[in-house]
$ cat my_file24.txt   # compact mmCIF, C-alpha atoms
# COMPACT_ATOMS: atom_id res chain seq x y z
CA PHE F 1147 9.30 87.10 207.82
CA ILE F 1148 7.67 90.44 208.64
CA SER F 1149 7.27 89.30 212.23
CA ASP F 1150 10.96 88.30 212.40
CA VAL F 1151 12.07 91.71 211.12
CA LYS F 1152 9.85 93.40 213.68
CA LYS F 1153 10.57 91.28 216.76
CA SER F 1154 13.81 89.35 216.38
CA LYS F 1155 16.89 90.56 218.27
CA SER F 1156 19.22 88.52 216.08
CA THR F 1157 20.91 90.45 213.26
CA THR F 1158 21.27 87.25 211.22
CA THR F 1159 17.55 86.49 211.47
CA LYS F 1160 16.56 90.06 210.59
CA VAL F 1161 18.90 90.23 207.59
CA GLN F 1162 17.80 86.85 206.27
CA SER F 1163 14.13 87.78 206.68
CA LEU F 1164 14.64 91.07 204.85
CA LEU F 1165 16.44 89.36 201.98
CA ASN F 1166 13.71 86.71 201.80
CA LEU F 1167 11.02 89.40 201.69
CA GLY F 1168 12.91 91.15 198.90
CA GLU F 1169 13.19 88.02 196.78
CA ILE F 1170 9.50 87.21 197.30
CA GLY F 1171 8.49 90.81 196.59
CA ARG F 1172 10.31 90.80 193.25
CA ARG F 1173 7.97 88.08 192.06
CA VAL F 1174 4.75 88.60 194.05
CA ASP F 1175 2.81 91.76 194.88
CA LEU F 1176 3.09 92.21 198.66
CA SER F 1177 1.18 95.49 198.83
CA THR F 1178 -1.71 93.80 200.66
CA HIS F 1179 0.52 93.51 203.75
CA LYS F 1180 -0.23 96.92 205.23
CA SER F 1181 2.58 96.94 207.78
CA LEU F 1182 5.32 95.93 205.32
CA GLN F 1183 6.59 99.42 204.46
CA LYS F 1184 6.70 100.55 208.07
CA VAL F 1185 8.49 97.38 209.22
CA VAL F 1186 11.13 97.55 206.48
CA LEU F 1187 11.74 101.26 207.16
CA SER F 1188 12.21 100.50 210.86
CA ALA F 1189 15.18 98.30 209.91
CA PHE F 1190 16.92 101.40 208.51
CA GLY F 1191 17.67 102.27 212.14
CA GLY F 1192 19.60 99.04 212.76
CA ASN F 1193 23.27 98.20 212.25
CA GLU F 1194 24.98 98.49 208.85
CA GLU F 1195 24.16 94.94 207.77
CA GLU F 1196 20.48 95.40 208.61
CA ARG F 1197 20.33 98.79 206.86
CA ASN F 1198 21.83 97.41 203.65
CA ALA F 1199 19.44 94.45 203.69
CA ALA F 1200 16.47 96.78 204.30
CA SER F 1201 17.54 98.98 201.38
CA TYR F 1202 17.73 95.96 199.08
CA CYS F 1203 14.43 94.61 200.41
CA LEU F 1204 12.52 97.86 199.85
CA GLY F 1205 13.80 98.12 196.29
CA CYS F 1206 12.90 94.53 195.43
CA VAL F 1207 9.48 94.66 197.09
CA SER F 1208 8.70 97.82 195.11
CA VAL F 1209 9.27 95.91 191.86
CA GLY F 1210 6.23 93.77 192.69
CA ASN F 1211 3.93 96.82 192.60
CA VAL F 1212 5.64 99.90 191.18
CA GLU F 1213 2.48 101.99 191.19
CA LYS F 1214 2.01 101.63 194.94
CA PHE F 1215 5.55 101.51 196.30
CA LEU F 1216 7.45 103.95 194.04
CA PRO F 1217 5.53 107.13 195.04
CA PHE F 1218 5.97 106.13 198.68
CA LEU F 1219 9.75 105.68 198.18
CA LEU F 1220 10.14 109.02 196.38
CA ALA F 1221 8.28 110.79 199.20
CA GLU F 1222 10.50 109.15 201.83
CA ILE F 1223 13.69 110.16 200.02
CA LYS F 1224 12.63 113.82 200.11
CA LYS F 1225 11.96 113.95 203.84
CA VAL F 1226 14.62 111.78 205.54
CA GLU F 1227 18.10 112.77 206.76
CA PRO F 1228 21.12 112.28 204.45
CA SER F 1229 22.26 108.98 206.01
CA LYS F 1230 18.91 107.32 205.27
CA GLN F 1231 18.57 109.13 201.96
CA TYR F 1232 21.62 107.26 200.66
CA LEU F 1233 19.99 103.90 201.49
CA LEU F 1234 16.64 104.88 199.98
CA ILE F 1235 18.31 105.99 196.73
CA HIS F 1236 19.96 102.57 196.73
CA SER F 1237 16.43 101.12 196.87
CA LEU F 1238 15.50 103.29 193.88
CA LYS F 1239 18.55 101.97 192.02
CA GLU F 1240 17.33 98.39 192.63
CA ILE F 1241 13.93 99.30 191.18
CA ILE F 1242 15.40 100.91 188.06
CA SER F 1243 17.83 98.03 187.49
CA LEU F 1244 15.29 95.25 187.95
CA VAL F 1245 12.26 96.83 186.30
CA SER F 1246 14.11 98.07 183.23
CA ALA F 1247 14.86 94.48 182.20
CA SER F 1248 11.37 94.08 180.70
CA GLU F 1249 9.23 96.15 178.36
CA ALA F 1250 6.34 96.11 180.84
CA GLY F 1251 8.66 97.28 183.62
CA ARG F 1252 10.00 100.17 181.55
CA ALA F 1253 6.43 101.19 180.75
CA ALA F 1254 5.61 101.17 184.48
CA LEU F 1255 8.47 103.57 185.23
CA LEU F 1256 7.80 106.11 182.47
CA PRO F 1257 4.79 107.80 184.18
CA HIS F 1258 7.12 108.65 187.06
CA LEU F 1259 9.88 109.99 184.81
CA GLU F 1260 9.64 113.65 185.85
CA ASP F 1261 9.35 112.90 189.56
CA ILE F 1262 12.34 110.55 189.54
CA LEU F 1263 14.49 112.91 187.44
CA ASN F 1264 13.69 115.94 189.60
CA LEU F 1265 14.58 114.03 192.76
CA LEU F 1266 17.83 112.69 191.30
CA PHE F 1267 18.91 116.07 189.93
CA GLU F 1268 18.22 117.67 193.31
CA ASN F 1269 20.65 115.23 194.88
CA THR F 1270 23.48 115.74 192.39
CA GLU F 1271 24.69 118.45 194.79
CA SER F 1272 24.52 116.28 197.90
CA GLU F 1273 27.37 116.78 200.36
CA GLU F 1274 27.68 112.97 200.63
CA GLU F 1275 29.90 111.57 197.87
CA GLY F 1276 28.34 108.13 198.31
CA THR F 1277 24.89 109.58 197.66
CA ARG F 1278 26.11 111.38 194.53
CA ASN F 1279 27.63 108.14 193.23
CA VAL F 1280 24.35 106.25 193.63
CA VAL F 1281 22.46 109.16 192.04
CA ALA F 1282 24.84 108.99 189.06
CA GLU F 1283 24.23 105.26 188.68
CA CYS F 1284 20.46 105.78 188.85
CA LEU F 1285 20.62 108.51 186.20
CA GLY F 1286 22.77 106.38 183.91
CA LYS F 1287 20.58 103.29 184.18
CA TYR F 1288 17.42 105.39 183.80
CA THR F 1289 18.88 106.92 180.63
CA LEU F 1290 18.77 103.45 179.06
CA ILE F 1291 15.00 103.43 179.55
CA SER F 1292 14.22 106.81 177.97
CA PRO F 1293 17.34 108.23 176.24
CA GLU F 1294 15.40 110.72 174.11
CA LYS F 1295 14.19 112.52 177.25
CA ILE F 1296 17.04 112.03 179.70
CA VAL F 1297 20.11 112.63 177.51
CA PRO F 1298 19.08 116.27 176.78
CA ALA F 1299 18.50 116.78 180.52
CA LEU F 1300 22.03 115.51 181.26
CA LYS F 1301 23.54 117.70 178.55
CA GLU F 1302 21.74 120.74 179.96
CA ARG F 1303 23.54 120.25 183.29
CA GLN F 1304 27.04 119.40 182.04
CA ASN F 1305 28.11 123.04 182.50
CA SER F 1306 26.32 123.57 185.82
CA LYS F 1307 27.84 126.14 188.17
CA SER F 1308 28.11 123.39 190.79
CA ALA F 1309 31.26 121.23 190.48
CA LYS F 1310 29.47 118.43 192.35
CA THR F 1311 26.69 118.42 189.75
CA ARG F 1312 29.16 118.41 186.83
CA ALA F 1313 31.05 115.47 188.34
CA THR F 1314 27.82 113.55 189.02
CA ILE F 1315 26.47 114.12 185.51
CA VAL F 1316 29.67 112.97 183.76
CA THR F 1317 29.69 109.89 186.03
CA ALA F 1318 26.08 109.18 185.05
CA LEU F 1319 27.20 109.12 181.42
CA LYS F 1320 29.47 106.18 182.25
CA PHE F 1321 26.52 104.12 183.49
CA ALA F 1322 24.58 104.92 180.31
CA ILE F 1323 27.24 103.25 178.15
CA VAL F 1324 26.76 99.54 177.45
CA ASP F 1325 29.08 97.26 175.50
CA GLN F 1326 26.31 95.91 173.25
CA PRO F 1327 24.53 97.96 170.53
CA HIS F 1328 21.71 99.94 172.18
CA PRO F 1329 19.26 102.67 171.10
CA VAL F 1330 20.96 105.03 173.58
CA ASP F 1331 24.10 105.12 171.37
CA GLU F 1332 22.59 107.44 168.76
CA HIS F 1333 21.66 109.91 171.51
CA LEU F 1334 25.05 109.78 173.26
CA ALA F 1335 27.28 110.10 170.19
CA PRO F 1336 26.44 113.78 169.44
CA ILE F 1337 27.09 114.91 173.03
CA MET F 1338 30.31 113.03 173.82
CA GLY F 1339 32.51 115.91 172.68
CA GLY F 1340 30.82 118.31 175.08
CA PHE F 1341 31.21 115.95 178.02
CA LEU F 1342 34.86 115.20 177.24
CA SER F 1343 35.54 118.94 177.31
CA LEU F 1344 35.17 118.56 181.09
CA LEU F 1345 38.72 117.15 180.99
CA ALA F 1346 39.67 120.84 181.10
CA ASP F 1347 37.32 121.64 183.99
CA THR F 1348 38.60 123.85 186.80
CA ASP F 1349 37.56 121.28 189.42
CA LEU F 1350 40.02 118.45 190.12
CA PHE F 1351 37.36 115.87 191.03
CA THR F 1352 35.28 116.63 187.92
CA ARG F 1353 38.36 116.06 185.75
CA LYS F 1354 38.97 112.74 187.49
CA GLN F 1355 35.40 111.55 186.91
CA THR F 1356 35.65 112.60 183.26
CA LEU F 1357 38.86 110.57 182.89
CA LEU F 1358 37.12 107.53 184.39
CA THR F 1359 34.18 107.94 182.00
CA LEU F 1360 36.52 108.34 179.01
CA ASN F 1361 38.40 105.18 180.03
CA TYR F 1362 35.14 103.26 180.42
CA ALA F 1363 33.87 104.44 177.02
CA ALA F 1364 37.20 103.63 175.34
CA HIS F 1365 37.05 100.11 176.72
CA ASN F 1366 33.36 99.32 176.22
CA LYS F 1367 32.14 101.50 173.32
CA PRO F 1368 35.11 103.19 171.57
CA SER F 1369 32.94 104.12 168.60
CA LEU F 1370 31.34 106.83 170.78
CA ILE F 1371 34.59 108.68 171.40
CA ARG F 1372 36.63 108.08 168.24
CA PRO F 1373 35.20 111.06 166.30
CA VAL F 1374 36.00 113.54 169.12
CA LEU F 1375 39.13 111.96 170.59
CA ALA F 1376 41.79 113.99 168.74
CA GLU F 1377 40.42 117.33 169.93
CA ASN F 1378 40.48 116.20 173.57
CA MET F 1379 43.86 114.45 173.75
CA GLU F 1380 45.60 117.68 174.77
CA HIS F 1381 43.45 117.88 177.91
CA LEU F 1382 44.13 114.20 178.64
CA TYR F 1383 47.89 114.74 178.35
CA ALA F 1384 47.66 117.75 180.69
CA GLU F 1385 46.55 115.39 183.47
CA THR F 1386 49.72 113.28 183.15
CA LYS F 1387 51.91 116.04 184.57
CA MET F 1388 52.72 116.39 188.25
CA LYS F 1389 51.43 119.81 189.33
CA LYS F 1390 53.35 121.48 192.12
CA GLU F 1391 50.30 123.42 193.26
CA LEU F 1392 48.59 120.10 194.11
CA VAL F 1393 51.47 118.88 196.30
CA THR F 1394 51.59 119.93 199.95
CA ILE F 1395 53.95 119.02 202.77
CA VAL F 1396 52.28 118.03 206.03
CA THR F 1397 54.33 118.09 209.23
CA LEU F 1398 53.58 115.21 211.61
CA GLY F 1399 55.75 115.77 214.67
CA PRO F 1400 59.37 115.30 213.60
CA PHE F 1401 58.34 113.90 210.21
CA LYS F 1402 57.27 115.57 206.98
CA HIS F 1403 54.80 113.83 204.70
CA LYS F 1404 54.13 114.76 201.08
CA VAL F 1405 50.44 114.80 200.10
CA ASP F 1406 49.90 114.69 196.33
CA THR F 1407 46.23 115.44 195.64
CA GLY F 1408 46.79 115.16 191.89
CA LEU F 1409 48.02 111.54 192.04
CA GLU F 1410 44.61 109.93 191.49
CA ASN F 1411 44.05 112.07 188.39
CA ARG F 1412 47.45 111.11 186.97
CA LYS F 1413 46.74 107.43 187.57
CA ALA F 1414 43.38 107.77 185.83
CA ALA F 1415 44.99 109.61 182.91
CA PHE F 1416 47.66 106.94 182.34
CA GLU F 1417 45.09 104.15 182.66
CA CYS F 1418 43.06 105.95 180.01
CA MET F 1419 46.09 106.24 177.72
CA TYR F 1420 46.73 102.51 178.15
CA THR F 1421 43.16 101.67 177.10
CA LEU F 1422 43.27 104.04 174.12
CA LEU F 1423 46.38 102.28 172.82
CA GLU F 1424 44.31 99.11 172.61
CA THR F 1425 41.09 100.46 171.11
CA CYS F 1426 41.88 103.76 169.36
CA ILE F 1427 45.57 103.66 168.40
CA ASP F 1428 44.79 104.84 164.85
CA LYS F 1429 43.44 108.08 166.35
CA ILE F 1430 46.61 108.80 168.33
CA GLU F 1431 49.63 110.82 167.20
CA ILE F 1432 52.38 108.46 168.41
CA SER F 1433 55.18 111.03 168.77
CA THR F 1434 53.01 113.29 170.95
CA PHE F 1435 51.79 110.29 172.93
CA ALA F 1436 55.38 109.17 173.60
CA GLU F 1437 56.40 112.69 174.62
CA HIS F 1438 53.82 112.64 177.43
CA LEU F 1439 54.44 109.00 178.24
CA LYS F 1440 57.86 109.94 179.56
CA ASN F 1441 56.12 111.80 182.42
CA GLY F 1442 54.99 108.43 183.70
CA LEU F 1443 58.46 106.90 183.54
CA THR F 1444 59.57 109.17 186.39
CA ASP F 1445 56.38 109.06 188.48
CA VAL F 1446 55.34 106.76 191.34
CA TYR F 1447 55.72 102.99 191.01
CA ASP F 1448 52.16 102.19 189.82
CA ILE F 1449 52.33 104.78 187.06
CA LYS F 1450 55.87 103.73 186.09
CA LEU F 1451 54.72 100.13 185.68
CA LEU F 1452 51.81 101.18 183.51
CA SER F 1453 54.14 103.34 181.40
CA TYR F 1454 56.51 100.41 180.79
CA LEU F 1455 53.56 98.31 179.66
CA MET F 1456 52.53 101.06 177.27
CA LEU F 1457 56.03 101.19 175.82
CA VAL F 1458 55.88 97.45 175.16
CA ARG F 1459 52.48 97.83 173.52
CA LEU F 1460 53.69 100.77 171.42
CA ALA F 1461 56.77 98.86 170.28
CA LYS F 1462 54.59 96.02 169.04
CA ALA F 1463 51.80 98.08 167.48
CA ALA F 1464 53.64 101.15 166.18
CA GLY F 1465 57.35 100.37 166.25
CA PRO F 1466 58.46 102.58 163.33
CA ALA F 1467 56.59 105.61 164.72
CA LEU F 1468 58.05 105.03 168.19
CA ILE F 1469 61.65 105.03 166.91
CA THR F 1470 61.51 108.78 166.24
CA SER F 1471 60.75 109.39 169.93
CA LEU F 1472 63.34 107.06 171.46
CA ASP F 1473 65.88 109.80 172.17
CA SER F 1474 63.51 111.56 174.58
CA LEU F 1475 62.72 108.28 176.36
CA VAL F 1476 66.28 107.10 177.01
CA LEU F 1477 67.02 109.32 180.01
CA PRO F 1478 63.78 108.52 181.93
CA LEU F 1479 64.40 104.80 181.31
CA LYS F 1480 67.84 104.83 182.96
$ encode --input "my_file24.txt" --output "structure tokens"
Amino acid sequence: FISDVKKSKSTTTKVQSLLNLGEIGRRVDLSTHKSLQKVVLSAFGGNEEERNAASYCLGCVSVGNVEKFLPFLLAEIKKVEPSKQYLLIHSLKEIISLVSASEAGRAALLPHLEDILNLLFENTESEEEGTRNVVAECLGKYTLISPEKIVPALKERQNSKSAKTRATIVTALKFAIVDQPHPVDEHLAPIMGGFLSLLADTDLFTRKQTLLTLNYAAHNKPSLIRPVLAENMEHLYAETKMKKELVTIVTLGPFKHKVDTGLENRKAAFECMYTLLETCIDKIEISTFAEHLKNGLTDVYDIKLLSYLMLVRLAKAAGPALITSLDSLVLPLK
């Protein structure tokens, strides 16, 4: 397989060989093959399919001998250009995901805790959004291995001066939430209020990522957010409004096109409200909820549809409370 990766001119053969090496390396220590690292890295210069297969292969092979391959991978991430850095961090994500499944694997990663965290935190400010997303996933999954050490490090950076870092950290929190009971829960619960305060952040993208994390938590582990939900609903409702300052008109020849940069945030906000109706309705003031729901009834089609579904859900779950707000909803429904 190593020979095929090195010499074959067929993309299919190279990709298949890389995937085969990865699957073998997950189960068998391949560190005795001295040329393996160099050959796999050479595939990072191929086409997209080959690069993705090489990234997966390097991560899987590293699982077979963490002590040998992980320091090599961390060193490579620090010295390569951004395009390859993204792929190498993907390899790191494979290692964290696969190794953390066993007690022995988690023990193998812990000696490298500081090195991995430092590297990941350095890349929370990467100019490449794709890189930041993978970094966030790595941080979240790594938090499950050592919550007592990593959760305080995340909390320390939630108010970073860099908007990119704040957005990456709140996204990492999403990947640290699992739907089953987990030791990480007792570490996350005390800090959820601080992270949800980022709903009022000055940066549009950070607010969007916070909305996505809130929605994920509400769906998968509502017990984490219930104690701090009421104090953050005002910031959630603020994202349901169309903001004129986020709408620009772009002239394309004889045509004018409206660009609404706040649309994705509004969609995320209404999706979050929909989820909260299912999992945390007892923590919601229905009249206030309905007052902001009417914003969605006059918005774009996707948001309108979601708002109608919420009205149906409200009528079934809290009919008497909804009646007091019907007058304000009649006009938008026409």
$ residues_around --input "my_file24.txt" --residues "Ser1163 in chain F" --least-positions-apart "2" --cutoff "9 Å" --atoms "all atoms listed in the file" --output "list in words"
Phe1147, Ile1148, Ser1149, Asp1150, Val1151, Thr1158, Thr1159, Lys1160, Val1161, Leu1165, Asn1166, Leu1167 and Gly1168 of chain F
$ residues_near_point --input "my_file24.txt" --point "(3.0, 91.9, 194.3)" --cutoff "8 Å" --atoms "only C-alpha atoms" --output "CSV table (one decimal) with C-alpha atoms, in the coordinates of the input"
chain,number,residue,atom,x,y,z
F,1171,GLY,CA,8.5,90.8,196.6
F,1172,ARG,CA,10.3,90.8,193.2
F,1173,ARG,CA,8.0,88.1,192.1
F,1174,VAL,CA,4.8,88.6,194.0
F,1175,ASP,CA,2.8,91.8,194.9
F,1176,LEU,CA,3.1,92.2,198.7
F,1177,SER,CA,1.2,95.5,198.8
F,1207,VAL,CA,9.5,94.7,197.1
F,1209,VAL,CA,9.3,95.9,191.9
F,1210,GLY,CA,6.2,93.8,192.7
F,1211,ASN,CA,3.9,96.8,192.6
$ residues_near_point --input "my_file24.txt" --point "(55.4, 114.3, 181.6)" --cutoff "12 Å" --atoms "all atoms listed in the file" --output "PyMOL selection string"
chain F and resi 1382-1389+1412+1415-1416+1434-1445+1449-1450+1453+1474-1475+1478
$ closest_residue --input "my_file24.txt" --among "F:Glu1213, F:Glu1227, F:Glu1294, F:Glu1283" --to "His1258 in chain F" --atoms "only C-alpha atoms"
F:Glu1213
$ closest_residue --input "my_file24.txt" --among "F:Phe1401, F:Glu1222, F:Val1446, F:Gln1326" --to "Ser1369 in chain F" --atoms "all atoms listed in the file"
F:Gln1326
$ closest_atom_pairs --input "my_file24.txt" --of "range 1272-1368 of chain F" --to "range 1229-1247 of chain F" --cutoff "8 Å" --atoms "all atoms listed in the file" --output "JSON lines"
{"residue": "F:Gly1276", "atom": "CA", "partner": "F:Tyr1232", "partner_atom": "CA", "distance": 7.2}
{"residue": "F:Thr1277", "atom": "CA", "partner": "F:Tyr1232", "partner_atom": "CA", "distance": 5.0}
{"residue": "F:Val1280", "atom": "CA", "partner": "F:His1236", "partner_atom": "CA", "distance": 6.5}
{"residue": "F:Val1281", "atom": "CA", "partner": "F:Ile1235", "partner_atom": "CA", "distance": 7.0}
{"residue": "F:Glu1283", "atom": "CA", "partner": "F:Lys1239", "partner_atom": "CA", "distance": 7.4}
{"residue": "F:Cys1284", "atom": "CA", "partner": "F:Lys1239", "partner_atom": "CA", "distance": 5.3}
{"residue": "F:Lys1287", "atom": "CA", "partner": "F:Ser1243", "partner_atom": "CA", "distance": 6.8}
{"residue": "F:Tyr1288", "atom": "CA", "partner": "F:Ile1242", "partner_atom": "CA", "distance": 6.5}
{"residue": "F:Ile1291", "atom": "CA", "partner": "F:Ser1246", "partner_atom": "CA", "distance": 6.6}
$ write_last_selection --input "my_file24.txt" --atoms "C-alpha atoms" --output "PDB file, in the frame of the given file"
ATOM      1  CA  GLY F1276      28.340 108.130 198.310  1.00  0.00           C
ATOM      2  CA  THR F1277      24.890 109.580 197.660  1.00  0.00           C
ATOM      3  CA  VAL F1280      24.350 106.250 193.630  1.00  0.00           C
ATOM      4  CA  VAL F1281      22.460 109.160 192.040  1.00  0.00           C
ATOM      5  CA  GLU F1283      24.230 105.260 188.680  1.00  0.00           C
ATOM      6  CA  CYS F1284      20.460 105.780 188.850  1.00  0.00           C
ATOM      7  CA  LYS F1287      20.580 103.290 184.180  1.00  0.00           C
ATOM      8  CA  TYR F1288      17.420 105.390 183.800  1.00  0.00           C
ATOM      9  CA  ILE F1291      15.000 103.430 179.550  1.00  0.00           C
TER      10      ILE F1291
END
$ closest_residue --input "my_file24.txt" --among "F:Ile1430, F:Val1316, F:Ala1464, F:Val1374" --to "Thr1359 in chain F" --atoms "all atoms listed in the file"
F:Val1316
$ atom_distance --input "my_file24.txt" --atom1 "CA of Ala1414 in chain F" --atom2 "CA of Leu1358 in chain F"
6.4 Å
$ atom_distance --input "my_file24.txt" --atom1 "CA of Leu1455 in chain F" --atom2 "CA of Val1324 in chain F"
26.9 Å
$ closest_residue --input "my_file24.txt" --among "F:Thr1397, F:Ser1343, F:Thr1356, F:Thr1348" --to "Asn1378 in chain F" --atoms "only C-alpha atoms"
F:Ser1343
$ axis_aligned_box --input "my_file24.txt" --around "range 1225-1231 of chain F" --padding-each-side "4 Å" --output "JSON"
{"center_x": 17.1, "center_y": 110.6, "center_z": 204.4, "size_x": 18.3, "size_y": 14.6, "size_z": 12.8}
$ residues_around --input "my_file24.txt" --residues "Asp1331 in chain F" --least-positions-apart "5" --cutoff "10 Å" --atoms "all atoms listed in the file" --output "VMD selection string"
chain F and resid 1290 1293 1322 to 1324 1326 1336 1367 1369 to 1370
$ closest_residue --input "my_file24.txt" --among "F:Lys1390, F:Lys1225, F:Lys1307, F:His1365" --to "Asp1347 in chain F" --atoms "only C-alpha atoms"
F:Lys1307
